[in-house]
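Okay, upload04.tsv now, which holds TSV, C-alpha atoms:
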```tsv
chain	number	residue	atom	x	y	z
A	65	MET	CA	0.00	0.00	0.00
A	66	ILE	CA	1.17	3.44	-0.82
A	67	PRO	CA	1.05	5.73	2.27
A	68	LEU	CA	-1.05	8.86	1.96
A	69	SER	CA	0.83	12.09	2.29
A	70	THR	CA	0.02	14.12	5.41
A	71	GLN	CA	1.06	17.44	3.82
A	72	THR	CA	-1.60	19.86	2.60
A	73	PRO	CA	-1.22	20.56	-1.07
A	74	PRO	CA	-0.36	24.17	-1.82
A	75	SER	CA	-3.27	26.54	-2.61
A	76	PRO	CA	-3.49	27.61	-6.18
A	77	GLN	CA	-2.15	31.16	-6.71
A	78	PRO	CA	-4.72	33.76	-7.90
A	79	SER	CA	-4.27	34.73	-11.44
A	80	ALA	CA	-3.65	38.32	-12.54
A	81	ARG	CA	-7.19	38.37	-13.87
A	82	HIS	CA	-8.63	37.55	-10.45
A	83	LEU	CA	-6.46	40.23	-8.78
A	84	GLY	CA	-7.71	42.82	-11.28
A	85	GLN	CA	-11.34	41.90	-10.60
A	86	ARG	CA	-10.79	42.28	-6.84
A	87	GLY	CA	-9.19	45.71	-7.32
A	88	VAL	CA	-12.06	46.90	-9.48
A	89	ALA	CA	-14.57	45.62	-6.92
A	90	LEU	CA	-12.75	47.42	-4.11
A	91	ILE	CA	-12.70	50.70	-6.08
A	92	LEU	CA	-16.38	50.28	-6.96
A	93	VAL	CA	-17.34	49.64	-3.34
A	94	THR	CA	-15.32	52.66	-2.19
A	95	PHE	CA	-16.95	54.79	-4.87
A	96	LEU	CA	-20.43	53.62	-3.89
A	97	VAL	CA	-19.77	54.29	-0.20
A	98	ALA	CA	-18.44	57.76	-1.01
A	99	LEU	CA	-21.39	58.47	-3.30
A	100	ALA	CA	-23.82	57.32	-0.64
A	101	THR	CA	-22.06	59.51	1.93
A	102	ILE	CA	-22.27	62.52	-0.40
A	103	CYS	CA	-25.95	61.86	-1.09
A	104	VAL	CA	-26.76	61.51	2.61
A	105	SER	CA	-24.78	64.66	3.45
A	106	ALA	CA	-26.45	66.60	0.64
A	107	LEU	CA	-29.87	65.39	1.75
A	108	ALA	CA	-29.13	66.34	5.36
A	109	TYR	CA	-27.84	69.78	4.32
A	110	SER	CA	-30.82	70.31	2.04
A	111	THR	CA	-33.16	69.34	4.86
A	112	HIS	CA	-31.30	71.71	7.20
A	113	LEU	CA	-31.60	74.58	4.69
A	114	ALA	CA	-35.27	73.82	4.12
A	115	ALA	CA	-35.87	73.86	7.87
A	116	ARG	CA	-34.02	77.16	8.23
A	117	ARG	CA	-35.91	78.61	5.28
A	118	SER	CA	-39.18	77.49	6.76
A	119	ASN	CA	-38.17	78.92	10.13
A	120	MET	CA	-37.20	82.26	8.56
A	121	VAL	CA	-40.47	82.45	6.65
A	122	GLU	CA	-42.36	81.66	9.84
A	123	ARG	CA	-40.39	84.27	11.75
A	124	GLY	CA	-40.93	86.77	8.95
A	125	PHE	CA	-44.71	86.33	9.14
A	126	GLN	CA	-44.60	86.46	12.93
A	127	ALA	CA	-42.43	89.59	12.86
A	128	GLU	CA	-44.74	91.31	10.37
A	129	TYR	CA	-47.73	90.60	12.61
A	130	LEU	CA	-45.91	91.89	15.70
A	131	LEU	CA	-44.59	95.00	13.91
A	132	LYS	CA	-48.06	95.89	12.66
A	133	SER	CA	-49.40	95.31	16.18
A	134	ALA	CA	-46.75	97.66	17.59
A	135	VAL	CA	-47.70	100.36	15.07
A	136	ASN	CA	-51.36	99.94	15.97
A	137	LEU	CA	-50.43	100.26	19.63
A	138	ALA	CA	-48.81	103.59	18.79
A	139	ARG	CA	-52.01	104.66	17.03
A	140	VAL	CA	-54.06	103.82	20.12
A	141	LEU	CA	-51.70	105.73	22.42
A	142	ILE	CA	-51.90	108.79	20.17
A	143	ARG	CA	-55.68	108.49	19.89
A	144	PHE	CA	-56.21	108.64	23.66
A	145	ASP	CA	-54.14	111.81	23.91
A	146	LYS	CA	-56.96	114.34	23.95
A	147	THR	CA	-55.10	117.44	25.11
A	148	PRO	CA	-54.78	120.26	22.53
A	149	GLN	CA	-51.00	120.43	22.99
A	150	ASP	CA	-48.58	117.56	22.46
A	151	SER	CA	-45.69	116.90	24.82
A	152	GLU	CA	-43.70	114.10	26.38
A	153	LYS	CA	-46.27	114.05	29.20
A	154	ASP	CA	-48.80	112.44	26.85
A	155	LEU	CA	-49.45	108.68	26.76
A	156	TRP	CA	-47.16	108.11	23.81
A	157	GLY	CA	-44.39	110.18	25.46
A	158	ILE	CA	-42.79	107.24	27.26
A	159	PHE	CA	-41.85	105.85	23.83
A	160	LYS	CA	-40.32	109.12	22.56
A	161	ASP	CA	-36.75	107.80	22.83
A	162	GLY	CA	-37.68	104.17	22.22
A	163	MET	CA	-38.30	101.44	24.78
A	164	ALA	CA	-39.36	97.80	25.02
A	165	ILE	CA	-43.07	97.01	24.90
A	166	PRO	CA	-44.29	94.78	27.75
A	167	PRO	CA	-44.93	91.38	26.04
A	168	GLU	CA	-48.37	91.00	27.60
A	169	LEU	CA	-49.63	94.06	25.70
A	170	LEU	CA	-49.23	92.15	22.42
A	171	ALA	CA	-50.01	88.70	23.84
A	172	VAL	CA	-46.44	87.46	23.31
A	173	ASP	CA	-45.46	84.53	25.54
A	174	GLU	CA	-42.13	83.53	23.93
A	175	PRO	CA	-39.20	84.62	26.14
A	176	ASN	CA	-36.72	85.08	23.26
A	177	ILE	CA	-38.81	87.75	21.48
A	178	LYS	CA	-38.18	91.42	22.23
A	179	ILE	CA	-40.37	94.18	20.80
A	180	GLU	CA	-39.34	97.84	20.91
A	181	LEU	CA	-41.25	100.96	19.90
A	182	GLU	CA	-40.30	104.57	19.22
A	183	ILE	CA	-42.81	107.39	18.65
A	184	ARG	CA	-41.52	110.80	17.55
A	185	PRO	CA	-43.62	113.78	16.42
A	186	GLU	CA	-42.31	114.96	13.06
A	187	GLU	CA	-43.13	118.54	14.01
A	188	GLY	CA	-40.35	118.33	16.59
A	189	LYS	CA	-37.88	118.56	13.70
A	190	ILE	CA	-37.02	121.37	11.28
A	191	PRO	CA	-39.07	121.02	8.06
A	192	LEU	CA	-36.60	121.32	5.20
A	193	ARG	CA	-39.29	122.14	2.66
A	194	ALA	CA	-39.93	125.40	4.51
A	195	LEU	CA	-36.49	126.59	3.39
A	196	VAL	CA	-37.64	127.05	-0.21
A	197	PRO	CA	-41.45	127.24	-0.03
A	198	THR	CA	-41.85	128.73	-3.53
A	199	ASN	CA	-39.10	129.86	-5.88
A	200	THR	CA	-36.89	131.68	-3.38
A	201	ALA	CA	-35.36	130.84	-0.02
A	202	ASP	CA	-37.03	131.96	3.22
A	203	PRO	CA	-34.36	133.89	5.16
A	204	ARG	CA	-35.91	132.96	8.50
A	205	TRP	CA	-35.45	129.21	7.98
A	206	ARG	CA	-32.10	129.86	6.32
A	207	ASP	CA	-30.86	131.47	9.52
A	208	VAL	CA	-32.44	128.72	11.66
A	209	LEU	CA	-30.52	126.05	9.73
A	210	LEU	CA	-27.29	128.05	10.03
A	211	ARG	CA	-27.66	128.23	13.82
A	212	LEU	CA	-28.48	124.51	13.98
A	213	PHE	CA	-25.36	123.61	11.99
A	214	GLU	CA	-23.27	125.80	14.27
A	215	ASN	CA	-24.87	124.30	17.40
A	216	LEU	CA	-23.94	120.83	16.15
A	217	GLY	CA	-20.29	121.82	15.75
A	218	PHE	CA	-20.02	121.95	11.97
A	219	ARG	CA	-17.94	125.14	12.16
A	220	ASP	CA	-14.94	123.32	13.61
A	221	ASP	CA	-15.42	119.61	12.80
A	222	GLU	CA	-13.17	119.66	9.69
A	223	SER	CA	-15.46	117.06	8.08
A	224	GLN	CA	-14.28	116.52	4.51
A	225	ASP	CA	-16.77	116.20	1.68
A	226	GLN	CA	-17.21	112.81	0.03
A	227	THR	CA	-18.82	113.89	-3.25
A	228	GLY	CA	-16.72	113.48	-6.40
A	229	PRO	CA	-16.18	117.07	-7.63
A	230	PHE	CA	-15.41	118.41	-4.13
A	231	LYS	CA	-13.82	115.40	-2.47
A	232	GLY	CA	-11.70	116.47	0.48
A	233	ARG	CA	-13.12	120.00	0.73
A	234	VAL	CA	-14.47	121.21	4.07
A	235	PHE	CA	-17.65	123.27	3.67
A	236	THR	CA	-18.63	125.90	6.24
A	237	PRO	CA	-22.16	126.02	7.73
A	238	GLU	CA	-22.98	129.01	5.47
A	239	GLU	CA	-21.86	127.07	2.39
A	240	MET	CA	-23.90	124.05	3.46
A	241	VAL	CA	-27.05	126.16	3.74
A	242	ALA	CA	-26.37	127.82	0.36
A	243	ASN	CA	-25.79	124.43	-1.28
A	244	LEU	CA	-29.04	123.15	0.21
A	245	ILE	CA	-30.89	126.17	-1.19
A	246	ASP	CA	-29.32	125.61	-4.62
A	247	TYR	CA	-30.36	121.96	-4.42
A	248	MET	CA	-33.98	122.96	-3.88
A	249	ASP	CA	-34.57	126.25	-5.73
A	250	PRO	CA	-35.64	126.09	-9.41
A	251	ASP	CA	-32.92	128.32	-10.85
A	252	LYS	CA	-29.48	127.16	-11.94
A	253	VAL	CA	-27.42	130.01	-10.50
A	254	PRO	CA	-25.55	129.90	-7.18
A	255	TYR	CA	-27.30	131.35	-4.15
A	256	ASN	CA	-25.37	134.42	-3.04
A	257	GLU	CA	-26.61	136.61	-0.22
A	258	GLY	CA	-24.51	137.97	2.61
A	259	ASN	CA	-22.18	135.25	3.88
A	260	PHE	CA	-24.16	132.55	2.08
A	261	THR	CA	-22.39	131.57	-1.13
A	262	GLY	CA	-23.37	128.54	-3.20
A	263	ILE	CA	-21.39	126.60	-5.78
A	264	GLU	CA	-24.08	125.78	-8.34
A	265	GLY	CA	-22.88	126.13	-11.92
A	266	ALA	CA	-22.34	124.40	-15.23
A	267	ASP	CA	-20.17	121.70	-13.66
A	268	THR	CA	-22.76	120.80	-10.98
A	269	GLU	CA	-25.79	120.00	-13.15
A	270	ASP	CA	-25.79	116.37	-12.02
A	271	ILE	CA	-25.84	117.34	-8.33
A	272	PHE	CA	-28.67	119.84	-7.85
A	273	LEU	CA	-32.31	118.79	-8.30
A	274	ASN	CA	-33.63	122.38	-8.63
A	275	ASN	CA	-37.04	121.29	-7.40
A	276	PRO	CA	-38.06	121.55	-3.73
A	277	LYS	CA	-40.79	118.94	-4.16
A	278	GLU	CA	-38.21	116.36	-5.20
A	279	LEU	CA	-36.59	116.44	-1.76
A	280	SER	CA	-38.63	113.67	-0.19
A	281	ARG	CA	-36.06	111.49	1.64
A	282	PHE	CA	-33.45	112.35	4.23
A	283	GLY	CA	-30.92	110.16	2.41
A	284	GLN	CA	-30.97	112.54	-0.57
A	285	LEU	CA	-28.99	115.05	1.47
A	286	ALA	CA	-25.89	112.86	1.05
A	287	ALA	CA	-25.64	114.08	-2.55
A	288	ILE	CA	-25.34	117.74	-1.49
A	289	PRO	CA	-21.76	119.03	-1.08
A	290	GLY	CA	-20.93	119.59	2.56
A	291	PHE	CA	-23.42	117.07	3.93
A	292	THR	CA	-20.87	114.44	4.88
A	293	THR	CA	-21.67	111.09	6.45
A	294	ALA	CA	-20.55	112.29	9.88
A	295	ARG	CA	-22.69	115.42	9.67
A	296	LEU	CA	-25.75	113.55	8.42
A	297	ALA	CA	-25.47	111.17	11.37
A	298	LYS	CA	-25.88	114.19	13.68
A	299	LEU	CA	-28.65	115.77	11.62
A	300	GLN	CA	-30.92	112.75	11.38
A	301	LEU	CA	-32.87	113.57	14.54
A	302	PHE	CA	-33.26	117.24	13.70
A	303	LEU	CA	-34.46	117.45	10.07
A	304	THR	CA	-37.49	116.13	8.27
A	305	THR	CA	-38.32	115.99	4.58
A	306	TYR	CA	-41.62	114.24	5.08
A	307	ILE	CA	-44.04	116.97	6.08
A	308	THR	CA	-44.90	120.24	4.37
A	309	LEU	CA	-45.81	122.11	7.54
A	310	TYR	CA	-43.63	125.13	8.16
A	311	SER	CA	-43.37	125.24	11.95
A	312	VAL	CA	-41.75	123.39	14.86
A	313	ASN	CA	-43.54	122.02	17.92
A	314	ILE	CA	-41.96	123.82	20.88
A	315	ASN	CA	-43.25	121.18	23.31
A	316	VAL	CA	-41.25	118.31	21.78
A	317	ALA	CA	-38.35	119.98	19.94
A	318	PRO	CA	-34.86	119.05	21.24
A	319	LYS	CA	-32.54	121.63	22.78
A	320	ALA	CA	-30.43	122.11	19.64
A	321	ILE	CA	-33.53	123.07	17.63
A	322	LEU	CA	-34.87	125.39	20.33
A	323	MET	CA	-31.55	127.24	20.31
A	324	ALA	CA	-31.66	127.45	16.52
A	325	LEU	CA	-35.15	129.00	16.31
A	326	ASP	CA	-34.10	132.38	17.70
A	327	PRO	CA	-30.71	133.97	18.48
A	328	ASP	CA	-31.91	135.00	21.97
A	329	ILE	CA	-32.60	131.38	22.96
A	330	ASP	CA	-29.28	130.29	24.44
A	331	GLU	CA	-28.59	126.99	26.18
A	332	ALA	CA	-29.93	128.21	29.54
A	333	MET	CA	-33.14	129.50	27.95
A	334	ALA	CA	-33.60	126.25	25.99
A	335	GLU	CA	-33.21	124.22	29.19
A	336	ARG	CA	-35.77	126.48	30.90
A	337	ILE	CA	-38.26	125.79	28.07
A	338	ILE	CA	-37.69	122.04	28.42
A	339	GLU	CA	-38.08	122.13	32.22
A	340	THR	CA	-41.27	124.22	31.97
A	341	ARG	CA	-42.97	122.03	29.37
A	342	LYS	CA	-42.18	118.93	31.46
A	343	GLY	CA	-43.26	120.51	34.75
A	344	GLU	CA	-46.63	121.16	36.31
A	345	GLU	CA	-47.18	124.30	34.22
A	346	GLY	CA	-46.49	122.50	30.97
A	347	PRO	CA	-47.06	121.82	28.23
A	348	LEU	CA	-46.76	125.32	26.80
A	349	GLU	CA	-49.93	126.54	25.11
A	350	ASP	CA	-48.87	129.60	23.12
A	351	ASN	CA	-46.25	132.30	22.73
A	352	ALA	CA	-47.63	134.08	25.76
A	353	ASP	CA	-46.43	131.14	27.88
A	354	LEU	CA	-42.94	131.62	26.46
A	355	ILE	CA	-43.02	135.18	27.75
A	356	ASN	CA	-44.83	134.64	31.08
A	357	LEU	CA	-43.58	131.19	32.12
A	358	VAL	CA	-40.17	130.99	30.48
A	359	GLY	CA	-39.15	134.65	30.38
A	360	LEU	CA	-38.52	134.91	26.65
A	361	SER	CA	-38.43	138.44	25.29
A	362	THR	CA	-41.42	139.84	23.43
A	363	ARG	CA	-39.27	140.35	20.34
A	364	SER	CA	-38.23	136.70	20.30
A	365	ALA	CA	-41.79	135.52	20.94
A	366	ASP	CA	-43.01	137.63	18.02
A	367	ASN	CA	-40.25	136.15	15.86
A	368	LEU	CA	-41.48	132.65	16.71
A	369	LYS	CA	-45.10	133.31	15.74
A	370	ASN	CA	-44.64	131.85	12.26
A	371	LEU	CA	-41.94	129.35	13.21
A	372	ALA	CA	-43.40	127.66	16.29
A	373	ARG	CA	-46.45	125.60	17.15
A	374	TYR	CA	-47.54	123.69	20.26
A	375	TYR	CA	-49.17	120.54	18.88
A	376	SER	CA	-48.43	117.78	16.38
A	377	ASN	CA	-50.35	116.07	13.61
A	378	TRP	CA	-47.61	113.84	12.18
A	379	TYR	CA	-45.73	111.08	13.98
A	380	GLN	CA	-42.91	108.81	12.92
A	381	VAL	CA	-43.18	105.33	14.44
A	382	ILE	CA	-40.31	102.85	14.39
A	383	ALA	CA	-40.89	99.31	15.65
A	384	LYS	CA	-38.31	96.55	16.11
A	385	VAL	CA	-38.75	92.82	16.72
A	386	SER	CA	-35.71	90.80	17.82
A	387	PHE	CA	-35.45	86.99	17.71
A	388	GLY	CA	-32.08	86.49	19.35
A	389	THR	CA	-29.67	86.92	16.44
A	390	SER	CA	-32.17	88.24	13.85
A	391	ALA	CA	-34.16	91.46	13.85
A	392	PHE	CA	-36.98	92.98	11.79
A	393	PHE	CA	-37.96	96.65	11.56
A	394	ALA	CA	-40.97	98.70	10.50
A	395	ARG	CA	-41.32	102.44	9.94
A	396	ALA	CA	-44.67	104.17	9.68
A	397	TYR	CA	-45.84	107.76	9.42
A	398	LEU	CA	-49.12	108.52	11.16
A	399	GLN	CA	-51.36	111.51	10.59
A	400	GLN	CA	-53.93	112.59	13.15
A	401	SER	CA	-56.43	115.02	11.70
A	402	ASN	CA	-58.58	115.41	14.82
A	403	LYS	CA	-57.83	114.89	18.49
A	404	GLY	CA	-59.44	111.79	19.96
A	405	GLU	CA	-59.49	110.00	16.60
A	406	LEU	CA	-57.34	107.08	15.53
A	407	PRO	CA	-54.53	108.48	13.34
A	408	ASP	CA	-54.27	107.29	9.76
A	409	ILE	CA	-51.27	105.33	8.49
A	410	SER	CA	-49.80	107.50	5.76
A	411	SER	CA	-46.99	105.09	4.92
A	412	PHE	CA	-45.67	101.75	6.17
A	413	GLU	CA	-42.34	100.08	5.37
A	414	LEU	CA	-40.84	96.76	6.49
A	415	PHE	CA	-37.10	96.16	6.76
```
As structure tokens, please, write out the structure in this file.
Amino acid sequence: MIPLSTQTPPSPQPSARHLGQRGVALILVTFLVALATICVSALAYSTHLAARRSNMVERGFQAEYLLKSAVNLARVLIRFDKTPQDSEKDLWGIFKDGMAIPPELLAVDEPNIKIELEIRPEEGKIPLRALVPTNTADPRWRDVLLRLFENLGFRDDESQDQTGPFKGRVFTPEEMVANLIDYMDPDKVPYNEGNFTGIEGADTEDIFLNNPKELSRFGQLAAIPGFTTARLAKLQLFLTTYITLYSVNINVAPKAILMALDPDIDEAMAERIIETRKGEEGPLEDNADLINLVGLSTRSADNLKNLARYYSNWYQVIAKVSFGTSAFFARAYLQQSNKGELPDISSFELF
């Protein structure tokens, strides 16, 4: 008998063909795994974006509702102010400088939502359209603007112009007023009266509108030489282009405007006006109160007859809704024709 071998026969070696097939399979599997990973990641990212988009849309609708509610709250506060004069002592006065609205007033129970409201009478600002009411400049408002610019420090701020033709030039307060007049008046010649000298000419045709009715937005002032970004930031609370009324509400005007209305109203007199209108004797009712309660001279009171008023019909309302890292804004202009009535919404913008 032939003994059986106890050794295991050697395994057959894989051929080059088999090795190639294994390599292709490994590459294919790796490719499929990578493709699946990319697809899953893309699907997850797409789902995440869709969720964020849906959340933003939902927040946008919620913010719009809350902003409109805040504006309507402002309308109600103004409606229940039944006194003939308007001052910070009225119901809406607590929101004059902006403050948060108690959430319960708008039925908001989410802790991460903050709603703020600001109510400012437009008549507390200087109406720019009064500067050129017809075809020529009104010297009274011209001088008021000059004093305002000086009160805000434009005489010494060395603020360089940013407009192309005059880049780097520093315009004086008188030049600023003259340029503003040239921007608004219908003629195409430079305003030149006393110390007021404009620059309008053949090389400035693309700058000056020459139509007072075209000045409808505060942002348009940036195109006027001398009205630099730094100066406009200071002027924003003191000028309005929205209303056509030609007087300022003494009961809500800030100190800088009070001092600009008449040369005899210095800082001490302006502070006395503010203290009186906030005190028990306020708000002021007429020019006689300026003489009897504040001590203003008869000459100055007479000068203010056509420049001052003691009530408001127009209000600017700014509302803000914050959701942590995101915020939504609304701006509305309200007009109240009769005391005790709900003011009308003249315009409404969402940001």
- prompt: Quick one: distance from atom CA of A:Thr292 to atom CA of A:Gly188 in Å, one decimal?
  reply: 23.1 Å
task: Record the distance separating atom CA of A:Met163 and atom CA of A:Glu345, expressed in Å with one decimal.
output: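 Taking atom CA of A:Met163 and atom CA of A:Glu345, their separation equals 26.3 Å.
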task: Would you mind listing what lies within 10 Å of A:Phe415 as a list in words, with all atoms listed in the file counted and same-chain residues fewer than 6 positions away left out?
output: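 Here the qualifying residues turn out to be Glu128, Lys384, Ala391, Phe392, Phe393, Ala394 and Arg395 of chain A.
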statement: Judged by only C-alpha atoms, the minimum distance to A:Glu339 among A:Ser151, A:Leu398, A:Asp225, A:Asn259 is found for A:Ser151
message: I need the residue nearest A:Thr293 from this list: A:Thr227, A:Asn215, A:Ser401, A:Ser361. Use all atoms listed in the file for the distance.
response: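 For A:Thr293, the nearest of the given residues is A:Thr227.
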Atomic distance atom CA of A:Ser390 - atom CA of A:Leu170, expressed in Å with one decimal: 19.5 Å
Within 7 Å of A:Ile288 using only C-alpha atoms, minus same-chain residues under 2 positions, as a ChimeraX atom specification: /A:243-244,271,285-286,290-291
